[in-house]
$ cat input.txt   # compact mmCIF, C-alpha atoms
# COMPACT_ATOMS: atom_id res chain seq x y z
CA MET A 1 35.45 30.67 -45.24
CA LYS A 2 33.11 33.61 -44.76
CA GLU A 3 29.52 33.82 -43.54
CA ASP A 4 26.99 36.58 -43.04
CA LEU A 5 24.78 35.34 -40.19
CA ARG A 6 21.48 36.83 -39.02
CA TYR A 7 19.86 35.74 -35.74
CA PHE A 8 16.23 36.29 -34.73
CA PRO A 9 15.77 35.90 -30.96
CA GLY A 10 12.28 36.15 -29.61
CA TRP A 11 10.38 34.94 -32.65
CA GLY A 12 7.51 32.69 -31.58
CA GLU A 13 5.00 30.39 -33.21
CA PRO A 14 3.90 29.74 -35.84
CA PHE A 15 7.00 30.81 -37.84
CA ILE A 16 10.35 30.76 -36.07
CA LEU A 17 13.40 31.82 -38.08
CA GLU A 18 16.39 30.86 -35.96
CA LEU A 19 19.18 31.73 -38.37
CA ALA A 20 19.56 33.00 -41.94
CA GLY A 21 22.30 34.44 -44.10
CA MET A 22 24.83 33.70 -46.81
CA SER A 23 27.88 31.42 -46.85
CA TRP A 24 31.00 31.66 -49.00
CA CYS A 25 32.37 28.19 -48.39
CA ASP A 26 35.78 26.57 -48.71
CA GLY A 27 37.13 23.07 -48.18
CA SER A 28 36.66 23.35 -44.41
CA TYR A 29 32.88 23.80 -44.58
CA ARG A 30 31.11 20.82 -42.99
CA ILE A 31 27.89 20.81 -40.98
CA ARG A 32 26.62 17.77 -39.06
CA ARG A 33 23.46 17.35 -36.96
CA THR A 34 22.42 14.04 -35.46
CA CYS A 35 18.76 15.02 -34.88
CA SER A 36 18.11 18.42 -36.37
CA PRO A 37 15.89 20.78 -34.35
CA VAL A 38 15.18 22.85 -37.48
CA TRP A 39 14.28 22.63 -41.14
CA VAL A 40 17.21 23.82 -43.27
CA LEU A 41 16.41 25.40 -46.65
CA GLU A 42 19.29 26.54 -48.86
CA GLN A 43 19.76 27.96 -52.37
CA VAL A 44 23.10 27.16 -54.00
CA LEU A 45 24.31 30.20 -55.94
CA GLU A 46 27.69 28.83 -57.03
CA GLY A 47 29.75 25.65 -56.73
CA THR A 48 28.80 22.14 -55.77
CA GLY A 49 28.69 19.96 -52.67
CA THR A 50 27.23 16.90 -50.97
CA VAL A 51 24.14 16.61 -48.80
CA GLU A 52 23.38 13.53 -46.68
CA VAL A 53 20.03 12.96 -44.94
CA ASN A 54 19.79 9.90 -42.72
CA GLY A 55 22.76 8.42 -44.58
CA VAL A 56 21.38 8.96 -48.10
CA ARG A 57 23.74 11.05 -50.23
CA HIS A 58 22.75 13.74 -52.73
CA THR A 59 24.63 16.30 -54.83
CA ALA A 60 23.58 19.97 -54.83
CA SER A 61 25.10 22.32 -57.40
CA ALA A 62 24.65 25.90 -58.61
CA GLY A 63 20.97 26.71 -59.09
CA ASP A 64 19.73 23.83 -56.93
CA VAL A 65 17.77 24.18 -53.70
CA TYR A 66 18.00 21.64 -50.91
CA LEU A 67 15.67 21.03 -47.98
CA LEU A 68 16.84 19.14 -44.89
CA PRO A 69 14.05 17.89 -42.61
CA LEU A 70 13.55 18.60 -38.96
CA GLY A 71 14.31 15.57 -36.77
CA ALA A 72 16.66 13.90 -39.28
CA ALA A 73 20.42 13.36 -39.33
CA HIS A 74 22.05 15.97 -41.59
CA TYR A 75 25.59 16.06 -42.95
CA TYR A 76 26.52 18.44 -45.72
CA TYR A 77 29.77 19.78 -47.05
CA SER A 78 31.19 21.82 -49.89
CA ASP A 79 33.49 20.57 -52.66
CA PRO A 80 36.88 22.16 -51.87
CA ARG A 81 37.70 22.52 -55.59
CA ASP A 82 34.36 24.16 -56.47
CA PRO A 83 33.01 25.48 -53.17
CA TRP A 84 29.46 26.56 -52.50
CA VAL A 85 28.19 30.09 -52.26
CA LYS A 86 24.67 29.83 -50.85
CA ILE A 87 21.78 31.55 -49.12
CA PHE A 88 20.28 29.65 -46.20
CA MET A 89 17.57 29.73 -43.58
CA ASN A 90 16.96 27.54 -40.52
CA VAL A 91 13.30 27.48 -39.51
CA ARG A 92 10.90 25.67 -37.20
CA GLY A 93 7.37 26.04 -35.91
CA ALA A 94 3.88 25.02 -36.99
CA LEU A 95 3.85 27.07 -40.20
CA PRO A 96 6.99 25.66 -41.91
CA GLY A 97 5.89 22.08 -41.23
CA ALA A 98 2.39 22.77 -42.53
CA LEU A 99 3.64 24.47 -45.71
CA ILE A 100 6.20 21.77 -46.43
CA SER A 101 3.47 19.15 -46.09
CA THR A 102 0.85 21.14 -48.02
CA TYR A 103 3.09 21.67 -51.05
CA GLY A 104 4.28 18.07 -51.19
CA LEU A 105 7.88 18.78 -50.18
CA THR A 106 8.10 16.14 -47.45
CA GLY A 107 10.75 13.53 -48.24
CA ARG A 108 12.28 15.57 -51.06
CA VAL A 109 15.85 16.79 -50.53
CA VAL A 110 17.34 18.37 -53.67
CA PHE A 111 15.26 20.41 -56.08
CA PRO A 112 17.05 20.84 -59.43
CA ALA A 113 17.70 24.35 -60.73
CA GLY A 114 14.29 25.97 -60.95
CA GLY A 115 14.97 29.69 -61.08
CA LEU A 116 14.26 30.40 -57.41
CA GLU A 117 17.39 32.45 -56.79
CA PRO A 118 15.50 35.81 -56.98
CA LEU A 119 13.13 34.67 -54.21
CA PHE A 120 16.01 33.62 -51.96
CA ARG A 121 17.83 36.90 -52.62
CA ASP A 122 14.63 38.76 -51.73
CA PHE A 123 14.47 36.75 -48.49
CA TYR A 124 18.13 37.49 -47.70
CA ASP A 125 17.62 41.22 -48.35
CA LEU A 126 14.45 41.24 -46.26
CA VAL A 127 15.94 39.60 -43.17
CA SER A 128 19.03 41.78 -43.40
CA GLY A 129 16.78 44.68 -42.38
CA GLU A 130 14.57 45.41 -39.41
CA GLY A 131 10.98 46.35 -38.70
CA GLU A 132 7.92 45.42 -36.69
CA ALA A 133 6.46 43.45 -39.62
CA LEU A 134 9.64 41.51 -40.34
CA GLN A 135 8.38 38.16 -38.99
CA SER A 136 5.12 38.43 -40.92
CA GLU A 137 6.85 39.47 -44.15
CA ALA A 138 9.46 36.73 -43.81
CA SER A 139 6.78 34.08 -43.26
CA LEU A 140 4.90 35.23 -46.37
CA LEU A 141 8.06 35.03 -48.46
CA PHE A 142 8.87 31.60 -47.03
CA HIS A 143 5.36 30.55 -48.05
CA LYS A 144 6.01 31.82 -51.58
CA ILE A 145 9.28 29.84 -51.77
CA CYS A 146 7.55 26.64 -50.64
CA MET A 147 4.80 27.20 -53.16
CA ALA A 148 7.37 27.70 -55.92
CA LEU A 149 9.24 24.54 -54.93
CA GLY A 150 6.00 22.58 -54.96
CA SER A 151 5.09 23.83 -58.43
CA GLY A 152 8.53 23.28 -59.96
CA GLY A 153 9.67 26.88 -59.73
CA GLU A 154 6.60 28.68 -61.02
CA ALA A 155 5.76 30.78 -58.00
CA GLY A 156 2.07 31.45 -57.84
CA ALA A 157 1.36 29.94 -61.28
CA SER A 158 -2.12 28.74 -60.27
CA GLU A 159 -2.55 30.58 -56.97
CA PRO A 160 -3.48 34.29 -57.03
CA PRO A 161 -1.12 36.33 -54.83
CA GLU A 162 -4.03 37.73 -52.81
CA ALA A 163 -5.32 34.22 -52.09
CA ALA A 164 -1.83 33.06 -51.13
CA ALA A 165 -1.47 36.04 -48.78
CA MET A 166 -4.76 35.21 -47.04
CA LYS A 167 -3.84 31.54 -46.72
CA ALA A 168 -0.46 32.47 -45.22
CA TYR A 169 -2.19 34.85 -42.79
CA LEU A 170 -4.47 32.06 -41.60
CA ASP A 171 -1.46 29.74 -41.27
CA GLN A 172 0.20 32.34 -39.05
CA ASN A 173 -2.88 32.75 -36.86
CA VAL A 174 -3.92 29.19 -36.06
CA SER A 175 -3.89 30.17 -32.39
CA ARG A 176 -6.70 32.72 -32.90
CA LEU A 177 -10.18 33.00 -34.37
CA VAL A 178 -9.91 35.05 -37.58
CA ARG A 179 -13.03 36.62 -39.07
CA VAL A 180 -13.43 37.27 -42.80
CA GLN A 181 -13.44 41.02 -42.15
CA GLU A 182 -9.96 40.81 -40.62
CA LEU A 183 -8.75 38.56 -43.43
CA ALA A 184 -10.09 40.93 -46.08
CA GLU A 185 -8.22 43.83 -44.50
CA THR A 186 -4.90 42.05 -45.09
CA ILE A 187 -5.42 42.39 -48.86
CA TYR A 188 -7.40 45.69 -48.75
CA ARG A 189 -10.52 44.09 -50.20
CA SER A 190 -14.13 43.63 -49.13
CA PRO A 191 -15.09 40.59 -47.04
CA ASP A 192 -17.32 39.36 -49.87
CA TYR A 193 -14.47 39.54 -52.41
CA ALA A 194 -11.99 37.94 -50.02
CA GLY A 195 -14.28 35.05 -49.10
CA LYS A 196 -15.20 34.28 -52.70
CA LEU A 197 -11.58 34.46 -53.90
CA PHE A 198 -10.41 32.12 -51.14
CA ARG A 199 -13.15 29.58 -51.82
CA ARG A 200 -12.62 29.74 -55.59
CA THR A 201 -8.88 29.16 -55.16
CA TYR A 202 -8.86 26.46 -52.46
CA GLY A 203 -12.33 24.92 -52.63
CA VAL A 204 -13.15 25.73 -48.99
CA THR A 205 -14.18 28.80 -47.02
CA PRO A 206 -11.55 30.63 -44.93
CA TYR A 207 -13.36 29.38 -41.80
CA ALA A 208 -13.20 25.75 -42.96
CA TYR A 209 -9.52 26.07 -43.87
CA LEU A 210 -8.60 27.61 -40.52
CA LEU A 211 -10.60 24.95 -38.67
CA GLN A 212 -8.75 22.24 -40.59
CA ARG A 213 -5.39 23.76 -39.62
CA LYS A 214 -6.51 24.00 -35.97
CA LEU A 215 -7.55 20.34 -35.94
CA GLU A 216 -4.25 19.28 -37.54
CA LEU A 217 -2.32 21.17 -34.88
CA ALA A 218 -4.55 19.76 -32.14
CA CYS A 219 -3.82 16.22 -33.36
CA ARG A 220 -0.07 16.88 -33.31
CA LEU A 221 -0.21 18.35 -29.80
CA LEU A 222 -2.32 15.45 -28.52
CA GLN A 223 0.12 12.91 -29.98
CA SER A 224 3.41 14.60 -29.15
CA THR A 225 2.81 16.44 -25.87
CA ALA A 226 1.23 15.83 -22.47
CA LEU A 227 -0.57 19.18 -22.48
CA PRO A 228 -4.07 19.04 -20.93
CA VAL A 229 -6.95 19.35 -23.38
CA GLN A 230 -7.87 22.67 -21.80
CA GLU A 231 -4.40 24.06 -22.58
CA ILE A 232 -4.52 22.78 -26.17
CA ALA A 233 -7.94 24.39 -26.62
CA ALA A 234 -6.58 27.70 -25.31
CA ARG A 235 -3.60 27.53 -27.67
CA LEU A 236 -6.03 27.20 -30.57
CA GLY A 237 -8.13 30.18 -29.50
CA TYR A 238 -10.95 28.33 -27.69
CA GLU A 239 -11.63 29.49 -24.14
CA ASP A 240 -14.21 26.75 -23.57
CA ALA A 241 -12.51 23.35 -23.50
CA HIS A 242 -15.90 21.57 -23.66
CA TYR A 243 -16.78 23.42 -26.85
CA PHE A 244 -13.41 22.52 -28.34
CA SER A 245 -13.82 18.86 -27.36
CA GLY A 246 -17.23 18.74 -29.03
CA LEU A 247 -15.88 20.39 -32.15
CA PHE A 248 -12.97 17.95 -32.27
CA ARG A 249 -15.32 14.98 -31.91
CA ARG A 250 -17.71 16.22 -34.63
CA HIS A 251 -14.89 16.50 -37.14
CA THR A 252 -12.72 13.50 -36.21
CA GLY A 253 -15.27 11.07 -34.78
CA ARG A 254 -13.28 10.80 -31.53
CA THR A 255 -12.83 12.78 -28.35
CA PRO A 256 -9.42 14.41 -27.75
CA SER A 257 -8.67 11.91 -24.93
CA ASP A 258 -9.54 8.94 -27.09
CA PHE A 259 -7.40 10.30 -29.91
CA ARG A 260 -4.47 10.78 -27.53
CA LYS A 261 -4.83 7.25 -26.18
CA ASN A 262 -5.38 5.36 -29.44
CA GLY A 263 -3.92 7.66 -32.09

$ encode --input "input.txt" --output "structure tokens"
Amino acid sequence: MKEDLRYFPGWGEPFILELAGMSWCDGSYRIRRTCSPVWVLEQVLEGTGTVEVNGVRHTASAGDVYLLPLGAAHYYYSDPRDPWVKIFMNVRGALPGALISTYGLTGRVVFPAGGLEPLFRDFYDLVSGEGEALQSEASLLFHKICMALGSGGEAGASEPPEAAAMKAYLDQNVSRLVRVQELAETIYRSPDYAGKLFRRTYGVTPYAYLLQRKLELACRLLQSTALPVQEIAARLGYEDAHYFSGLFRRHTGRTPSDFRKNG
């Protein structure tokens, strides 16, 4: 049994890569989590094995990708006669959950061979290096992998790469207010070009998309934490909690406190 493990201490929201690498498995390889604190995404390069999620068993063989959900019971192990070789990543944070939901991956475990190995190898090569932009570059590549899984392996088939890059940038910056000028600079284009491309691709303006992501995150924080509304507003880039509360009410029909109380 051999593994090349890469750790990433200090990475914060919205994309937290806890562990990534490659495994050359044998008959002793078995991983069990009772309530996983991470999403696990793995590309099987060789061999075959078994994946169980909340007691439901699946087979993952060479070419397949499997996705194990955060918060679930995971148990997966390699066939000792035909052991796995695989690339893996363990992630958490607001961005992975949003991408997995956006691309319709929730509830899906094994994705049959779809030609994604080059993307996973690119990810492995990327995170084996260093650099100030590593977290940003890794999150963009993770986005591309999710997009490819959602479209059956055709990465970017109906989504221009520049539009995908802008969308990923907004997903990474839900905690801030991002102007079109700043967004355009990420793809070295004019604000007019960037805004029109984004709207043509996704049917909404960058502002409307970012607001939607902020409201989704606000709803999750209201339901799953005891953070004061003022703190939630600050985490979303709003210094004025009253302004945030009014914005939330205009778009959801309820105040933050009412939403927290009644769901």

$ residues_near_point --input "input.txt" --point "(-7.4, 42.4, -43.5)" --cutoff "12 Å" --atoms "all atoms listed in the file" --output "list of chain:residue names"
A:Glu162, A:Ala165, A:Met166, A:Lys167, A:Tyr169, A:Leu170, A:Val178, A:Arg179, A:Val180, A:Gln181, A:Glu182, A:Leu183, A:Ala184, A:Glu185, A:Thr186, A:Ile187, A:Tyr188, A:Arg189, A:Ser190, A:Pro191, A:Tyr193, A:Ala194, A:Gly195

$ closest_residue --input "input.txt" --among "A:Met147, A:Val65, A:Leu116, A:Leu126" --to "Tyr103 in chain A" --atoms "only C-alpha atoms"
A:Met147

$ residues_around --input "input.txt" --residues "Ala98 in chain A" --least-positions-apart "4" --cutoff "12 Å" --atoms "only C-alpha atoms" --output "number ranges by chain"
A: 14-15, 39, 92-94, 102-106, 142-143, 146-147, 167-168, 170-172, 174, 212-214, 216-217, 220

$ write_last_selection --input "input.txt" --atoms "C-alpha atoms" --output "PDB file, in the coordinates of the input"
ATOM      1  CA  PRO A  14       3.900  29.740 -35.840  1.00  0.00           C
ATOM      2  CA  PHE A  15       7.000  30.810 -37.840  1.00  0.00           C
ATOM      3  CA  TRP A  39      14.280  22.630 -41.140  1.00  0.00           C
ATOM      4  CA  ARG A  92      10.900  25.670 -37.200  1.00  0.00           C
ATOM      5  CA  GLY A  93       7.370  26.040 -35.910  1.00  0.00           C
ATOM      6  CA  ALA A  94       3.880  25.020 -36.990  1.00  0.00           C
ATOM      7  CA  THR A 102       0.850  21.140 -48.020  1.00  0.00           C
ATOM      8  CA  TYR A 103       3.090  21.670 -51.050  1.00  0.00           C
ATOM      9  CA  GLY A 104       4.280  18.070 -51.190  1.00  0.00           C
ATOM     10  CA  LEU A 105       7.880  18.780 -50.180  1.00  0.00           C
ATOM     11  CA  THR A 106       8.100  16.140 -47.450  1.00  0.00           C
ATOM     12  CA  PHE A 142       8.870  31.600 -47.030  1.00  0.00           C
ATOM     13  CA  HIS A 143       5.360  30.550 -48.050  1.00  0.00           C
ATOM     14  CA  CYS A 146       7.550  26.640 -50.640  1.00  0.00           C
ATOM     15  CA  MET A 147       4.800  27.200 -53.160  1.00  0.00           C
ATOM     16  CA  LYS A 167      -3.840  31.540 -46.720  1.00  0.00           C
ATOM     17  CA  ALA A 168      -0.460  32.470 -45.220  1.00  0.00           C
ATOM     18  CA  LEU A 170      -4.470  32.060 -41.600  1.00  0.00           C
ATOM     19  CA  ASP A 171      -1.460  29.740 -41.270  1.00  0.00           C
ATOM     20  CA  GLN A 172       0.200  32.340 -39.050  1.00  0.00           C
ATOM     21  CA  VAL A 174      -3.920  29.190 -36.060  1.00  0.00           C
ATOM     22  CA  GLN A 212      -8.750  22.240 -40.590  1.00  0.00           C
ATOM     23  CA  ARG A 213      -5.390  23.760 -39.620  1.00  0.00           C
ATOM     24  CA  LYS A 214      -6.510  24.000 -35.970  1.00  0.00           C
ATOM     25  CA  GLU A 216      -4.250  19.280 -37.540  1.00  0.00           C
ATOM     26  CA  LEU A 217      -2.320  21.170 -34.880  1.00  0.00           C
ATOM     27  CA  ARG A 220      -0.070  16.880 -33.310  1.00  0.00           C
TER      28      ARG A 220
END

$ residues_around --input "input.txt" --residues "Asp125 in chain A" --least-positions-apart "4" --cutoff "12 Å" --atoms "only C-alpha atoms" --output "compact mmCIF listing (two decimals) with C-alpha atoms, in the frame of the given file"
# COMPACT_ATOMS: atom_id res chain seq x y z
CA ASP A 4 26.99 36.58 -43.04
CA ARG A 6 21.48 36.83 -39.02
CA ALA A 20 19.56 33.00 -41.94
CA GLY A 21 22.30 34.44 -44.10
CA MET A 22 24.83 33.70 -46.81
CA ILE A 87 21.78 31.55 -49.12
CA PRO A 118 15.50 35.81 -56.98
CA LEU A 119 13.13 34.67 -54.21
CA PHE A 120 16.01 33.62 -51.96
CA ARG A 121 17.83 36.90 -52.62
CA GLY A 129 16.78 44.68 -42.38
CA GLU A 130 14.57 45.41 -39.41
CA LEU A 134 9.64 41.51 -40.34
CA GLU A 137 6.85 39.47 -44.15
CA ALA A 138 9.46 36.73 -43.81
CA LEU A 141 8.06 35.03 -48.46

$ closest_residue --input "input.txt" --among "A:Gln223, A:Asn173, A:Thr59, A:Ser151" --to "Leu210 in chain A" --atoms "only C-alpha atoms"
A:Asn173

$ atom_distance --input "input.txt" --atom1 "CA of Ser128 in chain A" --atom2 "CA of Pro69 in chain A"
24.4 Å

$ residues_around --input "input.txt" --residues "Tyr238 in chain A" --least-positions-apart "5" --cutoff "9 Å" --atoms "all atoms listed in the file" --output "JSON, numbers by chain"
{"A": [175, 176, 177, 230, 232, 233, 243, 244]}

$ axis_aligned_box --input "input.txt" --around "range 33-52 of chain A" --padding-each-side "3 Å" --output "JSON"
{"center_x": 22.0, "center_y": 21.9, "center_z": -45.7, "size_x": 21.5, "size_y": 22.7, "size_z": 28.7}

$ closest_residue --input "input.txt" --among "A:Gln43, A:Ser61, A:Thr225, A:Gln135" --to "Pro83 in chain A" --atoms "all atoms listed in the file"
A:Ser61

$ build_atoms --input "input.txt" --residues "range 37-57 of chain A" --atoms "N, CA and C atoms" --output "compact mmCIF listing (two decimals), keeping the file's coordinate frame"
# COMPACT_ATOMS: atom_id res chain seq x y z
N PRO A 37 17.04 20.11 -34.96
CA PRO A 37 15.89 20.78 -34.35
C PRO A 37 15.21 21.77 -35.29
N VAL A 38 15.71 21.87 -36.52
CA VAL A 38 15.18 22.85 -37.48
C VAL A 38 15.08 22.24 -38.88
N TRP A 39 14.24 22.87 -39.71
CA TRP A 39 14.28 22.63 -41.14
C TRP A 39 15.36 23.54 -41.72
N VAL A 40 16.16 23.03 -42.63
CA VAL A 40 17.21 23.82 -43.27
C VAL A 40 16.87 23.93 -44.76
N LEU A 41 16.74 25.16 -45.25
CA LEU A 41 16.41 25.40 -46.65
C LEU A 41 17.50 26.29 -47.24
N GLU A 42 18.14 25.82 -48.31
CA GLU A 42 19.29 26.54 -48.86
C GLU A 42 19.24 26.60 -50.39
N GLN A 43 19.62 27.74 -50.93
CA GLN A 43 19.76 27.96 -52.37
C GLN A 43 21.24 28.04 -52.70
N VAL A 44 21.70 27.14 -53.57
CA VAL A 44 23.10 27.16 -54.00
C VAL A 44 23.24 28.16 -55.14
N LEU A 45 24.08 29.17 -54.92
CA LEU A 45 24.31 30.20 -55.94
C LEU A 45 25.46 29.81 -56.86
N GLU A 46 26.50 29.24 -56.27
CA GLU A 46 27.69 28.83 -57.03
C GLU A 46 28.24 27.55 -56.42
N GLY A 47 29.03 26.81 -57.23
CA GLY A 47 29.75 25.65 -56.73
C GLY A 47 28.90 24.40 -56.62
N THR A 48 29.48 23.42 -55.94
CA THR A 48 28.80 22.14 -55.77
C THR A 48 29.18 21.55 -54.41
N GLY A 49 28.42 20.57 -53.96
CA GLY A 49 28.69 19.96 -52.67
C GLY A 49 27.82 18.74 -52.47
N THR A 50 27.94 18.15 -51.30
CA THR A 50 27.23 16.90 -50.97
C THR A 50 26.32 17.11 -49.78
N VAL A 51 25.13 16.54 -49.86
CA VAL A 51 24.14 16.61 -48.80
C VAL A 51 23.74 15.19 -48.43
N GLU A 52 23.82 14.84 -47.15
CA GLU A 52 23.38 13.53 -46.68
C GLU A 52 22.25 13.71 -45.67
N VAL A 53 21.16 12.96 -45.87
CA VAL A 53 20.03 12.96 -44.94
C VAL A 53 19.78 11.52 -44.53
N ASN A 54 19.95 11.26 -43.24
CA ASN A 54 19.79 9.90 -42.72
C ASN A 54 20.61 8.89 -43.52
N GLY A 55 21.83 9.31 -43.89
CA GLY A 55 22.76 8.42 -44.58
C GLY A 55 22.61 8.34 -46.09
N VAL A 56 21.58 8.98 -46.65
CA VAL A 56 21.38 8.96 -48.10
C VAL A 56 22.05 10.20 -48.70
N ARG A 57 22.91 9.98 -49.69
CA ARG A 57 23.74 11.05 -50.23
C ARG A 57 23.14 11.66 -51.48
